[in-house]
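*Asks:* My questions all concern the structure below.
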Amino acid sequence: MPLRCHGPGGPLQYADAADFTHGLAPEPGLTERISGLVLVSYGSHGVVRLEGGENLPCQYRRQVGRPFCGDRVQVSLSEEDRGVVEEIMPRSNRFLRGDARQRKHVVAVNLDQVAIVIARKPLPSRDLLERYLVAVHSLGIQPLIVLNKTDISDYDRSQAGAAVFDRIEAYRSLGYTVVETTCKAACGTDALVPQLRKRSSILVGQSGVGKSSLVRCLLPDIEVQTGALSDATGKGTHTTTTTIMYSLPGGGYLIDSPGVWEFGLWKLENHELESGFIEFRRHLGHCRFNDCRHLSEPACAIKAAAGAGEILEWRYAAYCRLADQNRD
Ligand SMILES: Nc1nc2c(ncn2[C@@H]2O[C@H](COP(=O)(O)OP(=O)(O)OP(=O)(O)O)[C@@H](O)[C@H]2O)c(=O)[nH]1
Ligand SMILES: [Mg+2]
Ligand SMILES: [Zn+2]
């Protein structure tokens, strides 16, 4: 009996059931390959959005490796409404986080932008924003700072992380775009819309800052999109436990990622850490020692710039703490 898999534009592929006796794919050459985009990825399977717009549940092959959310892949059809990832296309970048042992984990790939969401409740931990900024700069792409929950005005100013809200203008002066949002008012996310248009962006940030709420405000058809994904995986999708990609109405993609209680970095190279502080860059190369870590070395250009007020004292202090945590 022929198997068929329909996309919106008609049948995508026909194949003979006998080819699939052993599970995954028929012999090479028997099926055409279809390009797709990985919307959500679990250990051994995920959901791929095909060129025609259809969501296809797919298995992975050990020899091909595990694709991540945002990966461009080639799939073949293995059985009705199932696919197999045959190839992962080269990635432009990978957004990483570090675990408690400073090992790297991939969150999502092929990003144009990382939107770091912070809120007054829950307050960010000390240096959280700096850690995210370092992680984003290591990809060579621009971060966007999103201050959500602007409807909340009372918060615990005694906590170290609360200082972020007094420093918003300083971040703008450093060159960062900061947008303010609230999910509790009509048009509360309007400032974010043009920043996301026609780009692939990921929302990252502490658990509870409102990433999924922002997604719900920005996507009028969120129910349709999550429904289509649940249909494709055969189980309910819980956006807060899995990194998941949605299509934006004006073009582009928005990825919701599970919140972390504490965003950690991996073991960084010195250059990754120092260039994660963008205002340091013009001073780099002017220290006495080539391998200067800008902590207690003599004739350090970064320390001198911090002493002269060219680098903000609190940014330099944050750098020193991150450098200290980054030791072997
Ligand atoms: N006051 C206020 N509450 C908000 C706002 N946005 C989200 N919330 C609330 O904050 C809580 C957490 O929102 P979520 O959208 O689930 O947060 P999240 O960042 O996705 O959390 P994780 O999935 O755990 O990472 C919910 O109770 C939301 O209703 C806002 O702008 N203002
Ligand atoms: Mg969430
Ligand atoms: Zn130095």
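Following the order of the structure tokens, chains are lettered A, B, ..., residues in each are numbered from 1, and ligands are numbered from 1.
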Just want the residues within 6 Å of ligand 1, written as an NGL selection string, counting only C-alpha atoms and all ligand atoms.

*Replies:* :A and (148-149 or 151-152 or 182-184 or 206-213 or 240 or 258-259)

*Asks:* Please extract the residues at most 10 Å from ligand 3, counting only C-alpha atoms and all ligand atoms, and provide them as a list in words, using the chain letters and residue numbers of this document.

*Replies:*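 Answer in the requested format: Glu274, Phe280, His283, Leu284, Gly285, His286, Cys287, Arg288, Phe289, Asn290, Asp291, Cys292, Arg293, His294, Leu295, Ser296, Glu297, Pro298, Ala299, Cys300, Ala301, Ile302, Lys303, Ala304 and Ala305 of chain A.
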
*Asks:* Select, from A:Thr242, A:Ser92, A:Thr226, A:Asn270, the residue with the minimum atom-to-atom distance to ligand 2, counting only C-alpha atoms and all ligand atoms.

*Replies:*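 Checking each of A:Thr242, A:Ser92, A:Thr226, A:Asn270 against ligand 2, counting only C-alpha atoms and all ligand atoms, the winner is A:Thr242.
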
*Asks:* Report as JSON lines the residues of segment 86-205 of chain A within 9 Å of segment 246-251 of chain A, each with its shortest atom pair and distance in Å (one decimal), using only C-alpha atoms, ordered by chain and increasing residue number.

*Replies:*
{"residue": "A:Val193", "atom": "CA", "partner": "A:Gly250", "partner_atom": "CA", "distance": 8.8}
{"residue": "A:Leu196", "atom": "CA", "partner": "A:Leu248", "partner_atom": "CA", "distance": 8.2}
{"residue": "A:Arg197", "atom": "CA", "partner": "A:Gly250", "partner_atom": "CA", "distance": 6.0}
{"residue": "A:Lys198", "atom": "CA", "partner": "A:Gly251", "partner_atom": "CA", "distance": 4.6}
{"residue": "A:Arg199", "atom": "CA", "partner": "A:Gly251", "partner_atom": "CA", "distance": 7.5}

*Asks:* One decimal, in Å: what's the spacing between atom CA of Leu144 of chain A and atom CA of Ala162 of chain A?

*Replies:*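 Straight-line distance from atom CA of Leu144 of chain A to atom CA of Ala162 of chain A works out to 18.8 Å.
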
*Asks:* Could you please determine the separation between atom CA of Tyr253 of chain A and atom CA of Val114 of chain A in Å, to one decimal place?

*Replies:* 11.7 Å
